[in-house]
Structures are given as structure tokens and as C-alpha cells.
Protein chains: 2
Amino acid sequence: MSYSIGEVADKLAISPYTLRYYDKEGLLPFVDRNAAGRRRFKDNDFNFLEVIVCLKEAGVPVKQIGEFIDLCMTGDATLQDRYDFLADHEAKLEAKMARLQHTLDFLRWKKWYYKTALQAGTESIHYLPGTNQVDPAVHATFNRLVADGASPKTLGELN
Amino acid sequence: MSYSIGEVADKLAISPYTLRYYDKEGLLPFVDRNAAGRRRFKDNDFNFLEVIVCLKEAGVPVKQIGEFIDLCMTGDATLQDRYDFLADHEAKLEAKMARLQHTLDFLRWKKWYYKTALQAGTESIHYLPGTNQVDPAVHATFNRLVADGASPKTLGELN
DNA sequence: ATATAATCTAGAGTTAACTCTAAGTCAACC
DNA sequence: GGTTGACTTAGAGTTAACTCTAGATTATAT
């Protein structure tokens, strides 16, 4: 089985432009061409494409993905380098997910902030008396609710 | 208490250039100026800055963050819009974290793939006999190990 | 008082990752 | 056999988010 650039683009839900750009950047050295110079992707190529898509999603720059593909093409001498590369980006992704979890926590507290303001009809219930400044105790109140067992996700839910 | 742009930049670990850029894009309409035209950040401004940093981390484009700040400056009439904005980006962030979890799973399976190749001294242990194509059963083997209770994270760990 | 450092604006430059255009080739269908 | 659509390359254009420069002003430290 072999596939045209358009078929691969459809399968991966990315544009043919992007695939050609990746090729230009050295990400697709494994792709064959037919007599007319058109790209013919093999079944096994999807193993590489899967990795490329994964690294992209993980936030690895195209240039670095190219370096990984280079290692792949070089052979068994680079197995350790490839392992280290993946371990490095695994750690980076774990760190990023931890940061995003904090971001999500913050978003949920702010949602609760607006839910309660909405129910009161005014944001000023969260202000220090006689000012336009948010009372730091409000965040502490939310944290106490969570510590007491409430779900941060449902606390901010309207209805 | 008030703070210069440099002090705020240090606290948020972003450059003064970036803060001025945000101001230019309408993200900092709440910041005061002194007689000489220099920015003076108030304590309460950090409530806005916190939100800006959070939305940035969540992947919200600067332009959209500006729209949210606009809502904030308009007053209580926009409370629902602000709630909806946060709820929308909460959902998007949850979806992104689910995708990243899949990405992390994939990275770990590939790490195990290279760990086992490394221990065998050659990647070819994963190929279909007499080819250079990866045997699809290899991924299935990894999945079985995980289904049988092994940790995907430690399975790929070297040592 | 003076040198150094921080700030200001307007606007130019940079970078990554596409995204598209132009001009041409090739394949599939009626 | 002709038309339509997919493909090719080289290279230009786009977009977001900075990042910096230049030239001027202001604040801080000796």
C-alpha cells in the first residue's frame, strides 16, 4: 500500500502545505518518490509520522524533530540518543502538564469568583469595603471550600 | 505601594519589553502613570496581571485577553460574559490536557520501545522478520504489560 | 554635579510555523 | 483527446508574539 500526500494529509488532519513544509525542513527523508517525482508514503512511514505528530503536540520545535528523525535514519548507534531525547521531552511535558493543572485551578477559582458576583448582581461584593480592590480573603474563602472537600470544578458551575 | 515596570517584570519573570507590548495591545488599561509619564503599578493591578499570565499559560491569544480585560473595565454589566469567557477556556484547557495525556502516553511507549531496543543492542528486534518495518504487535505487547498493571511511566525507565 | 541606570515612544527587526502563489507536470475521467 | 484536479518546486506572504533600537527624558547614586 502507498499513499499520496493528499491522502496522508487527510488521515493526519493537516494540510499538504504543512507536509511539504515538514519535508523541506528535513522531517520526511524516509518518503519515497514515484517516477514523476511525486511523494509516495508507505505504511511503515506512519510510524514516523505518528512520532512527528506526537512531538509537535508535545511542543517540540520542528527543527528538533528533524534532529530526532536524523538520529532515526542513522541506525542503531543512535539508540541511546533517541532514548535520551524522548526522556527529556517526557520530563518537559510532565512539567508543562503540572503548570497547566495550576492554570486550570486558577481558572476555576476565577469562575467561582464570577459565579458568586453574578449571583450577587455585582462584583463589588468581593471588594474591600469602600474600595475597588479585591479582598484577598475571597481567594482564601474559595481555598477553604476546596479544602473542606468541595470540587473546584463544580464549585464554579452555574445552576 | 506602587511598582515600576522593571519591578513588575522581575516579579512576573517576563521582560519589560513584553509588558510594554501588552500595554500597547490594550492589556493594561488599568495601569496609572506618574507626572513624568512612567507606569506605576498598584497592588490591585496584580489581580489583573495574574489573570493575564494565567490566560497566556492557557494558550489564549493576546488579542482575546485584551477583550476580556475590556469586559473587566466595563463593569457589572459584563459579569456573565466574563464567566462565559472563563468557562469556555476552562473547557478548552481540559481538552488540551486530555490530548497532552495521550501524547505523554505515546512518548512513554516509544521510550519503552527504545529501552528494549537498547537492551537488545538493535532496533531490529522490533521489525517484522526480514524487513525494516516495525511489527505492530510490539505496541500491543506494551499495551498488554500496562493492562496487566505495569506503570507506563516506569516501564520505559532505564536501569 | 555628574555619571549611570531605568524609563518613555515609535517603529523596525526577528522567529517559528505555517500558508499561499505561480508556473508547470501528471493522472483520472468522460 | 481534452478537461479537471492533484501534484511538483521555489519562493513570497502572513501571523503572532515578542524583541530590540534610537533618541529622548527622568531618577538614583556617588
# chains A, B, ... in the order shown; residues from 1 in each chain; ligands from 1
>>> interface_residues(of="chain C", to="chain B", cutoff="12 Å", atoms="only C-alpha atoms (C1' of nucleotides)", output="ChimeraX atom specification")
/C:5-10
>>> residues_around(residues="D:DG13", least_positions_apart="6", cutoff="12 Å", atoms="only C-alpha atoms (C1' of nucleotides)", output="PyMOL selection string")
chain C and resi 18-21
>>> write_last_selection(atoms="N, CA, C and O atoms (P, O5', C5', C4', C3', O3' and C1' of nucleotides)", output="tab-separated table (two decimals), in the first residue's frame")
chain	number	residue	atom	x	y	z
C	18	DC	P	3.30	23.95	11.89
C	18	DC	O5'	3.57	24.10	10.32
C	18	DC	C5'	2.57	24.49	9.39
C	18	DC	C4'	2.12	25.93	9.62
C	18	DC	C3'	1.03	26.37	8.68
C	18	DC	O3'	0.05	27.12	9.38
C	18	DC	C1'	2.87	27.83	8.50
C	19	DT	P	-1.45	27.11	8.91
C	19	DT	O5'	-1.38	27.73	7.43
C	19	DT	C5'	-1.58	29.12	7.24
C	19	DT	C4'	-1.31	29.50	5.82
C	19	DT	C3'	-2.04	28.65	4.76
C	19	DT	O3'	-3.07	29.46	4.25
C	19	DT	C1'	0.18	29.27	4.09
C	20	DC	P	-4.09	29.00	3.11
C	20	DC	O5'	-3.43	29.67	1.81
C	20	DC	C5'	-2.99	31.04	1.92
C	20	DC	C4'	-2.03	31.35	0.80
C	20	DC	C3'	-2.51	30.96	-0.60
C	20	DC	O3'	-2.78	32.18	-1.28
C	20	DC	C1'	-0.18	30.51	-0.28
C	21	DT	P	-3.44	32.16	-2.73
C	21	DT	O5'	-2.18	32.39	-3.68
C	21	DT	C5'	-1.27	33.43	-3.38
C	21	DT	C4'	-0.22	33.51	-4.47
C	21	DT	C3'	-0.75	33.20	-5.87
C	21	DT	O3'	-0.22	34.18	-6.76
C	21	DT	C1'	1.08	31.78	-5.35
>>> closest_residue(among="D:DT14, D:DT4, D:DT21, D:DT9", to="C:DG13", atoms="only C-alpha atoms (C1' of nucleotides)")
D:DT21
>>> interface_residues(of="chain D", to="chain B", cutoff="12 Å", atoms="only C-alpha atoms (C1' of nucleotides)", output="list in words")
DT15, DA16, DA17, DC18, DT19, DC20, DT25, DT26 and DA27 of chain D
>>> residues_around(residues="A:Gln133", least_positions_apart="4", cutoff="8 Å", atoms="only C-alpha atoms (C1' of nucleotides)", output="list in words")
Tyr127 and Leu128 of chain A; Asn44 of chain B
>>> closest_atom_pairs(of="chain A", to="chain B", cutoff="7 Å", atoms="only C-alpha atoms", output="CSV")
residue,atom,partner,partner_atom,distance
A:Asn44,CA,B:Gln133,CA,5.8
A:Cys54,CA,B:Thr103,CA,5.7
A:Glu57,CA,B:Thr103,CA,6.9
A:Ala58,CA,B:Thr103,CA,6.6
A:Asp76,CA,B:Thr122,CA,5.5
A:Leu79,CA,B:Leu118,CA,6.1
A:Gln80,CA,B:Leu118,CA,6.8
A:Tyr83,CA,B:Tyr114,CA,5.7
A:Leu86,CA,B:Lys111,CA,6.2
A:Ala87,CA,B:Lys111,CA,6.9
A:Glu90,CA,B:Leu107,CA,6.4
A:Met97,CA,B:Met97,CA,7.0
A:Leu100,CA,B:Ala58,CA,6.8
A:Thr103,CA,B:Cys54,CA,5.7
A:Leu104,CA,B:Glu90,CA,6.6
A:Leu107,CA,B:Glu90,CA,6.4
A:Lys111,CA,B:Tyr83,CA,5.9
A:Tyr114,CA,B:Tyr83,CA,5.7
A:Lys115,CA,B:Tyr83,CA,6.8
A:Leu118,CA,B:Leu79,CA,6.1
A:Thr122,CA,B:Asp76,CA,5.5
A:Glu123,CA,B:Asp76,CA,6.3
A:Gln133,CA,B:Asn44,CA,5.8
A:Val134,CA,B:Asn44,CA,7.0
>>> select_by_dssp(residues="stretch 8-71 of chain A", states="helix (DSSP H, G or I)", output="mmCIF file with all heavy atoms, in the first residue's frame")
data_model
loop_
_atom_site.group_PDB
_atom_site.id
_atom_site.type_symbol
_atom_site.label_atom_id
_atom_site.label_comp_id
_atom_site.auth_asym_id
_atom_site.auth_seq_id
_atom_site.Cartn_x
_atom_site.Cartn_y
_atom_site.Cartn_z
ATOM 1 N N VAL A 8 -2.451 11.274 2.891
ATOM 2 C CA VAL A 8 -1.792 11.352 4.198
ATOM 3 C C VAL A 8 -2.274 12.592 4.959
ATOM 4 O O VAL A 8 -2.560 12.533 6.158
ATOM 5 C CB VAL A 8 -0.260 11.372 4.036
ATOM 6 C CG1 VAL A 8 0.419 11.620 5.370
ATOM 7 C CG2 VAL A 8 0.219 10.070 3.413
ATOM 8 N N ALA A 9 -2.389 13.701 4.219
ATOM 9 C CA ALA A 9 -2.865 14.942 4.838
ATOM 10 C C ALA A 9 -4.251 14.737 5.445
ATOM 11 O O ALA A 9 -4.521 15.161 6.566
ATOM 12 C CB ALA A 9 -2.891 16.068 3.801
ATOM 13 N N ASP A 10 -5.125 14.042 4.707
ATOM 14 C CA ASP A 10 -6.475 13.768 5.209
ATOM 15 C C ASP A 10 -6.420 12.910 6.482
ATOM 16 O O ASP A 10 -7.085 13.205 7.474
ATOM 17 C CB ASP A 10 -7.317 13.054 4.143
ATOM 18 C CG ASP A 10 -7.772 14.003 3.042
ATOM 19 O OD1 ASP A 10 -7.657 15.234 3.244
ATOM 20 O OD2 ASP A 10 -8.234 13.531 1.996
ATOM 21 N N LYS A 11 -5.606 11.862 6.423
ATOM 22 C CA LYS A 11 -5.515 10.943 7.560
ATOM 23 C C LYS A 11 -5.011 11.635 8.817
ATOM 24 O O LYS A 11 -5.458 11.349 9.933
ATOM 25 C CB LYS A 11 -4.559 9.787 7.222
ATOM 26 C CG LYS A 11 -5.233 8.619 6.500
ATOM 27 C CD LYS A 11 -4.267 7.426 6.409
ATOM 28 C CE LYS A 11 -4.477 6.635 5.142
ATOM 29 N NZ LYS A 11 -5.048 5.290 5.374
ATOM 30 N N LEU A 12 -4.037 12.533 8.640
ATOM 31 C CA LEU A 12 -3.425 13.195 9.801
ATOM 32 C C LEU A 12 -4.136 14.500 10.150
ATOM 33 O O LEU A 12 -3.782 15.160 11.127
ATOM 34 C CB LEU A 12 -1.945 13.483 9.541
ATOM 35 C CG LEU A 12 -1.051 12.285 9.201
ATOM 36 C CD1 LEU A 12 0.391 12.748 9.058
ATOM 37 C CD2 LEU A 12 -1.146 11.196 10.279
ATOM 38 N N PRO A 16 -1.609 19.531 3.049
ATOM 39 C CA PRO A 16 -0.476 19.138 2.218
ATOM 40 C C PRO A 16 0.642 20.189 2.272
ATOM 41 O O PRO A 16 1.824 19.839 2.231
ATOM 42 C CB PRO A 16 -1.070 19.069 0.815
ATOM 43 C CG PRO A 16 -2.524 18.817 1.029
ATOM 44 C CD PRO A 16 -2.870 19.563 2.280
ATOM 45 N N TYR A 17 0.268 21.469 2.386
ATOM 46 C CA TYR A 17 1.265 22.533 2.525
ATOM 47 C C TYR A 17 2.184 22.241 3.713
ATOM 48 O O TYR A 17 3.407 22.380 3.641
ATOM 49 C CB TYR A 17 0.590 23.880 2.797
ATOM 50 C CG TYR A 17 -0.233 24.439 1.667
ATOM 51 C CD1 TYR A 17 -1.406 25.146 1.927
ATOM 52 C CD2 TYR A 17 0.175 24.295 0.338
ATOM 53 C CE1 TYR A 17 -2.159 25.695 0.907
ATOM 54 C CE2 TYR A 17 -0.573 24.842 -0.697
ATOM 55 C CZ TYR A 17 -1.745 25.533 -0.407
ATOM 56 O OH TYR A 17 -2.481 26.086 -1.423
ATOM 57 N N THR A 18 1.554 21.872 4.809
ATOM 58 C CA THR A 18 2.318 21.622 6.028
ATOM 59 C C THR A 18 3.231 20.421 5.870
ATOM 60 O O THR A 18 4.394 20.459 6.285
ATOM 61 C CB THR A 18 1.348 21.407 7.202
ATOM 62 O OG1 THR A 18 0.521 22.553 7.312
ATOM 63 C CG2 THR A 18 2.091 21.206 8.502
ATOM 64 N N LEU A 19 2.719 19.377 5.216
ATOM 65 C CA LEU A 19 3.552 18.188 4.983
ATOM 66 C C LEU A 19 4.762 18.536 4.117
ATOM 67 O O LEU A 19 5.880 18.097 4.395
ATOM 68 C CB LEU A 19 2.723 17.085 4.322
ATOM 69 C CG LEU A 19 1.848 16.258 5.271
ATOM 70 C CD1 LEU A 19 0.929 15.339 4.476
ATOM 71 C CD2 LEU A 19 2.706 15.439 6.237
ATOM 72 N N ARG A 20 4.549 19.346 3.071
ATOM 73 C CA ARG A 20 5.682 19.737 2.222
ATOM 74 C C ARG A 20 6.668 20.599 3.001
ATOM 75 O O ARG A 20 7.886 20.478 2.827
ATOM 76 C CB ARG A 20 5.170 20.510 1.000
ATOM 77 C CG ARG A 20 4.444 19.633 0.008
ATOM 78 C CD ARG A 20 4.194 20.334 -1.326
ATOM 79 N NE ARG A 20 3.107 19.661 -2.031
ATOM 80 C CZ ARG A 20 1.851 20.101 -2.058
ATOM 81 N NH1 ARG A 20 1.530 21.238 -1.467
ATOM 82 N NH2 ARG A 20 0.931 19.409 -2.697
ATOM 83 N N TYR A 21 6.124 21.443 3.860
ATOM 84 C CA TYR A 21 6.989 22.259 4.710
ATOM 85 C C TYR A 21 7.832 21.361 5.624
ATOM 86 O O TYR A 21 9.039 21.574 5.776
ATOM 87 C CB TYR A 21 6.130 23.235 5.533
ATOM 88 C CG TYR A 21 6.816 23.832 6.722
ATOM 89 C CD1 TYR A 21 7.877 24.730 6.567
ATOM 90 C CD2 TYR A 21 6.422 23.506 8.017
ATOM 91 C CE1 TYR A 21 8.514 25.281 7.667
ATOM 92 C CE2 TYR A 21 7.048 24.052 9.121
ATOM 93 C CZ TYR A 21 8.087 24.936 8.940
ATOM 94 O OH TYR A 21 8.707 25.480 10.033
ATOM 95 N N TYR A 22 7.244 20.353 6.202
ATOM 96 C CA TYR A 22 7.983 19.415 7.047
ATOM 97 C C TYR A 22 9.065 18.714 6.236
ATOM 98 O O TYR A 22 10.178 18.503 6.710
ATOM 99 C CB TYR A 22 7.039 18.373 7.664
ATOM 100 C CG TYR A 22 6.139 18.909 8.751
ATOM 101 C CD1 TYR A 22 5.067 18.164 9.241
ATOM 102 C CD2 TYR A 22 6.369 20.164 9.319
ATOM 103 C CE1 TYR A 22 4.247 18.640 10.246
ATOM 104 C CE2 TYR A 22 5.548 20.646 10.322
ATOM 105 C CZ TYR A 22 4.483 19.888 10.777
ATOM 106 O OH TYR A 22 3.673 20.364 11.772
ATOM 107 N N ASP A 23 8.713 18.347 5.014
ATOM 108 C CA ASP A 23 9.684 17.686 4.139
ATOM 109 C C ASP A 23 10.864 18.623 3.894
ATOM 110 O O ASP A 23 12.036 18.236 4.027
ATOM 111 C CB ASP A 23 9.001 17.312 2.819
ATOM 112 C CG ASP A 23 9.773 16.232 2.064
ATOM 113 O OD1 ASP A 23 10.808 15.768 2.569
ATOM 114 O OD2 ASP A 23 9.342 15.850 0.957
ATOM 115 N N LYS A 24 10.545 19.876 3.563
ATOM 116 C CA LYS A 24 11.577 20.876 3.306
ATOM 117 C C LYS A 24 12.504 21.042 4.507
ATOM 118 O O LYS A 24 13.698 21.281 4.373
ATOM 119 C CB LYS A 24 10.886 22.214 2.986
ATOM 120 C CG LYS A 24 11.620 23.091 1.993
ATOM 121 C CD LYS A 24 10.954 24.450 1.815
ATOM 122 C CE LYS A 24 9.613 24.403 1.117
ATOM 123 N NZ LYS A 24 9.070 25.754 0.746
ATOM 124 N N ASP A 45 5.804 4.327 6.998
ATOM 125 C CA ASP A 45 6.067 5.756 7.209
ATOM 126 C C ASP A 45 5.173 6.335 8.299
ATOM 127 O O ASP A 45 5.532 7.335 8.948
ATOM 128 C CB ASP A 45 5.853 6.543 5.906
ATOM 129 C CG ASP A 45 6.872 6.178 4.838
ATOM 130 O OD1 ASP A 45 7.860 5.488 5.177
ATOM 131 O OD2 ASP A 45 6.682 6.561 3.679
ATOM 132 N N PHE A 46 4.030 5.704 8.496
ATOM 133 C CA PHE A 46 3.115 6.234 9.512
ATOM 134 C C PHE A 46 3.687 6.090 10.921
ATOM 135 O O PHE A 46 3.292 6.821 11.828
ATOM 136 C CB PHE A 46 1.735 5.573 9.393
ATOM 137 C CG PHE A 46 0.950 6.100 8.219
ATOM 138 C CD1 PHE A 46 1.030 5.471 6.978
ATOM 139 C CD2 PHE A 46 0.170 7.243 8.339
ATOM 140 C CE1 PHE A 46 0.338 5.979 5.883
ATOM 141 C CE2 PHE A 46 -0.525 7.751 7.251
ATOM 142 C CZ PHE A 46 -0.443 7.112 6.019
ATOM 143 N N ASN A 47 4.622 5.153 11.082
ATOM 144 C CA ASN A 47 5.303 5.074 12.377
ATOM 145 C C ASN A 47 6.092 6.353 12.651
ATOM 146 O O ASN A 47 6.095 6.871 13.770
ATOM 147 C CB ASN A 47 6.240 3.853 12.406
ATOM 148 C CG ASN A 47 5.462 2.551 12.482
ATOM 149 O OD1 ASN A 47 4.523 2.416 13.258
ATOM 150 N ND2 ASN A 47 5.842 1.583 11.650
ATOM 151 N N PHE A 48 6.751 6.871 11.604
ATOM 152 C CA PHE A 48 7.481 8.131 11.739
ATOM 153 C C PHE A 48 6.512 9.300 11.912
ATOM 154 O O PHE A 48 6.702 10.177 12.754
ATOM 155 C CB PHE A 48 8.356 8.372 10.508
ATOM 156 C CG PHE A 48 9.558 7.472 10.411
ATOM 157 C CD1 PHE A 48 9.603 6.437 9.496
ATOM 158 C CD2 PHE A 48 10.654 7.659 11.243
ATOM 159 C CE1 PHE A 48 10.712 5.602 9.401
ATOM 160 C CE2 PHE A 48 11.770 6.842 11.153
ATOM 161 C CZ PHE A 48 11.796 5.804 10.233
ATOM 162 N N LEU A 49 5.480 9.306 11.072
ATOM 163 C CA LEU A 49 4.522 10.408 11.113
ATOM 164 C C LEU A 49 3.850 10.517 12.479
ATOM 165 O O LEU A 49 3.630 11.611 12.997
ATOM 166 C CB LEU A 49 3.460 10.217 10.018
ATOM 167 C CG LEU A 49 3.992 10.367 8.583
ATOM 168 C CD1 LEU A 49 2.953 9.886 7.570
ATOM 169 C CD2 LEU A 49 4.377 11.815 8.295
ATOM 170 N N GLU A 50 3.569 9.352 13.059
ATOM 171 C CA GLU A 50 2.985 9.297 14.405
ATOM 172 C C GLU A 50 3.897 10.007 15.416
ATOM 173 O O GLU A 50 3.445 10.764 16.269
ATOM 174 C CB GLU A 50 2.869 7.828 14.809
ATOM 175 C CG GLU A 50 1.512 7.388 15.287
ATOM 176 C CD GLU A 50 1.517 5.889 15.583
ATOM 177 O OE1 GLU A 50 2.557 5.213 15.414
ATOM 178 O OE2 GLU A 50 0.445 5.393 15.984
ATOM 179 N N VAL A 51 5.180 9.721 15.298
ATOM 180 C CA VAL A 51 6.164 10.333 16.195
ATOM 181 C C VAL A 51 6.230 11.842 15.971
ATOM 182 O O VAL A 51 6.256 12.629 16.921
ATOM 183 C CB VAL A 51 7.562 9.694 15.993
ATOM 184 C CG1 VAL A 51 8.621 10.489 16.746
ATOM 185 C CG2 VAL A 51 7.544 8.246 16.449
ATOM 186 N N ILE A 52 6.236 12.243 14.703
ATOM 187 C CA ILE A 52 6.299 13.667 14.380
ATOM 188 C C ILE A 52 5.093 14.396 14.963
ATOM 189 O O ILE A 52 5.231 15.439 15.611
ATOM 190 C CB ILE A 52 6.368 13.866 12.841
ATOM 191 C CG1 ILE A 52 7.736 13.400 12.324
ATOM 192 C CG2 ILE A 52 6.099 15.309 12.462
ATOM 193 C CD1 ILE A 52 7.838 13.291 10.814
ATOM 194 N N VAL A 53 3.907 13.828 14.765
ATOM 195 C CA VAL A 53 2.683 14.449 15.281
ATOM 196 C C VAL A 53 2.721 14.518 16.811
ATOM 197 O O VAL A 53 2.366 15.534 17.416
ATOM 198 C CB VAL A 53 1.443 13.666 14.801
ATOM 199 C CG1 VAL A 53 0.200 14.106 15.558
ATOM 200 C CG2 VAL A 53 1.250 13.849 13.296
ATOM 201 N N CYS A 54 3.210 13.451 17.424
ATOM 202 C CA CYS A 54 3.312 13.413 18.886
ATOM 203 C C CYS A 54 4.246 14.485 19.407
ATOM 204 O O CYS A 54 3.908 15.226 20.343
ATOM 205 C CB CYS A 54 3.803 12.029 19.321
ATOM 206 S SG CYS A 54 4.393 11.946 21.016
ATOM 207 N N LEU A 55 5.427 14.601 18.785
ATOM 208 C CA LEU A 55 6.408 15.591 19.243
ATOM 209 C C LEU A 55 5.895 17.013 19.020
ATOM 210 O O LEU A 55 6.100 17.898 19.850
ATOM 211 C CB LEU A 55 7.754 15.370 18.547
ATOM 212 C CG LEU A 55 8.465 14.059 18.918
ATOM 213 C CD1 LEU A 55 9.719 13.859 18.076
ATOM 214 C CD2 LEU A 55 8.812 14.026 20.413
ATOM 215 N N LYS A 56 5.198 17.229 17.919
ATOM 216 C CA LYS A 56 4.572 18.519 17.642
ATOM 217 C C LYS A 56 3.616 18.875 18.774
ATOM 218 O O LYS A 56 3.639 19.965 19.332
ATOM 219 C CB LYS A 56 3.782 18.455 16.332
ATOM 220 C CG LYS A 56 4.589 18.707 15.097
ATOM 221 C CD LYS A 56 4.342 20.114 14.557
ATOM 222 C CE LYS A 56 5.100 21.123 15.382
ATOM 223 N NZ LYS A 56 4.534 22.440 15.404
ATOM 224 N N GLU A 57 2.742 17.942 19.088
ATOM 225 C CA GLU A 57 1.738 18.157 20.144
ATOM 226 C C GLU A 57 2.418 18.426 21.491
ATOM 227 O O GLU A 57 1.928 19.204 22.304
ATOM 228 C CB GLU A 57 0.820 16.933 20.242
ATOM 229 C CG GLU A 57 -0.245 16.990 21.330
ATOM 230 C CD GLU A 57 -1.406 17.915 20.990
ATOM 231 O OE1 GLU A 57 -1.774 18.025 19.807
ATOM 232 O OE2 GLU A 57 -1.948 18.547 21.936
ATOM 233 N N VAL A 62 10.002 22.214 15.276
ATOM 234 C CA VAL A 62 10.215 21.445 14.046
ATOM 235 C C VAL A 62 11.695 21.089 13.854
ATOM 236 O O VAL A 62 12.032 19.959 13.484
ATOM 237 C CB VAL A 62 9.672 22.235 12.838
ATOM 238 C CG1 VAL A 62 10.162 21.657 11.532
ATOM 239 C CG2 VAL A 62 8.141 22.230 12.867
ATOM 240 N N LYS A 63 12.556 22.038 14.121
ATOM 241 C CA LYS A 63 13.992 21.821 13.934
ATOM 242 C C LYS A 63 14.491 20.646 14.779
ATOM 243 O O LYS A 63 15.258 19.806 14.313
ATOM 244 C CB LYS A 63 14.739 23.095 14.323
ATOM 245 C CG LYS A 63 16.194 23.120 13.916
ATOM 246 C CD LYS A 63 16.805 24.493 14.235
ATOM 247 C CE LYS A 63 18.178 24.633 13.590
ATOM 248 N NZ LYS A 63 18.407 25.968 13.045
ATOM 249 N N GLN A 64 14.049 20.579 16.031
ATOM 250 C CA GLN A 64 14.475 19.496 16.922
ATOM 251 C C GLN A 64 13.868 18.157 16.511
ATOM 252 O O GLN A 64 14.496 17.109 16.690
ATOM 253 C CB GLN A 64 14.081 19.814 18.366
ATOM 254 C CG GLN A 64 14.990 20.823 19.031
ATOM 255 C CD GLN A 64 14.575 21.080 20.475
ATOM 256 O OE1 GLN A 64 14.417 20.157 21.263
ATOM 257 N NE2 GLN A 64 14.367 22.335 20.816
ATOM 258 N N ILE A 65 12.650 18.205 15.990
ATOM 259 C CA ILE A 65 12.048 16.972 15.495
ATOM 260 C C ILE A 65 12.898 16.437 14.342
ATOM 261 O O ILE A 65 13.152 15.236 14.237
ATOM 262 C CB ILE A 65 10.588 17.205 15.045
ATOM 263 C CG1 ILE A 65 9.738 17.687 16.231
ATOM 264 C CG2 ILE A 65 9.995 15.933 14.452
ATOM 265 C CD1 ILE A 65 8.299 18.013 15.888
ATOM 266 N N GLY A 66 13.383 17.370 13.509
ATOM 267 C CA GLY A 66 14.275 16.985 12.413
ATOM 268 C C GLY A 66 15.528 16.291 12.916
ATOM 269 O O GLY A 66 15.989 15.309 12.318
ATOM 270 N N GLU A 67 16.065 16.785 14.020
ATOM 271 C CA GLU A 67 17.266 16.160 14.582
ATOM 272 C C GLU A 67 16.965 14.736 15.062
ATOM 273 O O GLU A 67 17.781 13.832 14.889
ATOM 274 C CB GLU A 67 17.809 17.013 15.739
ATOM 275 C CG GLU A 67 18.362 18.356 15.254
ATOM 276 C CD GLU A 67 18.546 19.380 16.371
ATOM 277 O OE1 GLU A 67 18.415 19.004 17.557
ATOM 278 O OE2 GLU A 67 18.813 20.558 16.057
ATOM 279 N N PHE A 68 15.776 14.557 15.631
ATOM 280 C CA PHE A 68 15.383 13.213 16.071
ATOM 281 C C PHE A 68 15.248 12.264 14.873
ATOM 282 O O PHE A 68 15.725 11.126 14.905
ATOM 283 C CB PHE A 68 14.079 13.268 16.859
ATOM 284 C CG PHE A 68 13.639 11.930 17.377
ATOM 285 C CD1 PHE A 68 14.222 11.374 18.508
ATOM 286 C CD2 PHE A 68 12.656 11.206 16.714
ATOM 287 C CE1 PHE A 68 13.828 10.129 18.980
ATOM 288 C CE2 PHE A 68 12.264 9.956 17.183
ATOM 289 C CZ PHE A 68 12.850 9.419 18.319
ATOM 290 N N ILE A 69 14.614 12.754 13.815
ATOM 291 C CA ILE A 69 14.455 11.930 12.617
ATOM 292 C C ILE A 69 15.823 11.558 12.041
ATOM 293 O O ILE A 69 16.045 10.421 11.619
ATOM 294 C CB ILE A 69 13.582 12.657 11.570
ATOM 295 C CG1 ILE A 69 12.168 12.897 12.117
ATOM 296 C CG2 ILE A 69 13.539 11.869 10.257
ATOM 297 C CD1 ILE A 69 11.314 11.663 12.279
ATOM 298 N N ASP A 70 16.733 12.532 12.065
ATOM 299 C CA ASP A 70 18.106 12.243 11.617
ATOM 300 C C ASP A 70 18.693 11.071 12.401
ATOM 301 O O ASP A 70 19.315 10.179 11.830
ATOM 302 C CB ASP A 70 19.001 13.473 11.820
ATOM 303 C CG ASP A 70 18.805 14.512 10.729
ATOM 304 O OD1 ASP A 70 18.168 14.184 9.704
ATOM 305 O OD2 ASP A 70 19.279 15.650 10.900
ATOM 306 N N LEU A 71 18.505 11.109 13.722
ATOM 307 C CA LEU A 71 19.001 10.007 14.556
ATOM 308 C C LEU A 71 18.380 8.682 14.108
ATOM 309 O O LEU A 71 19.060 7.667 14.003
ATOM 310 C CB LEU A 71 18.677 10.266 16.030
ATOM 311 C CG LEU A 71 19.374 11.449 16.715
ATOM 312 C CD1 LEU A 71 18.892 11.576 18.155
ATOM 313 C CD2 LEU A 71 20.890 11.300 16.673
#
>>> atom_distance(atom1="atom CA of A:Pro129", atom2="atom CA of B:Lys42")
17.6 Å
>>> atom_distance(atom1="atom CA of A:Glu25", atom2="atom C1' of C:DA17")
11.0 Å
>>> select_by_dssp(residues="stretch 6-155 of chain A", states="strand (DSSP E)", output="MDAnalysis selection string")
chainID A and resid 32:33 39:42
>>> atom_distance(atom1="atom C1' of C:DA3", atom2="atom CA of B:Ala13")
29.1 Å
>>> closest_residue(among="A:Asn143, A:Glu7, A:Thr74, A:Val60", to="A:Pro29", atoms="only C-alpha atoms")
A:Thr74
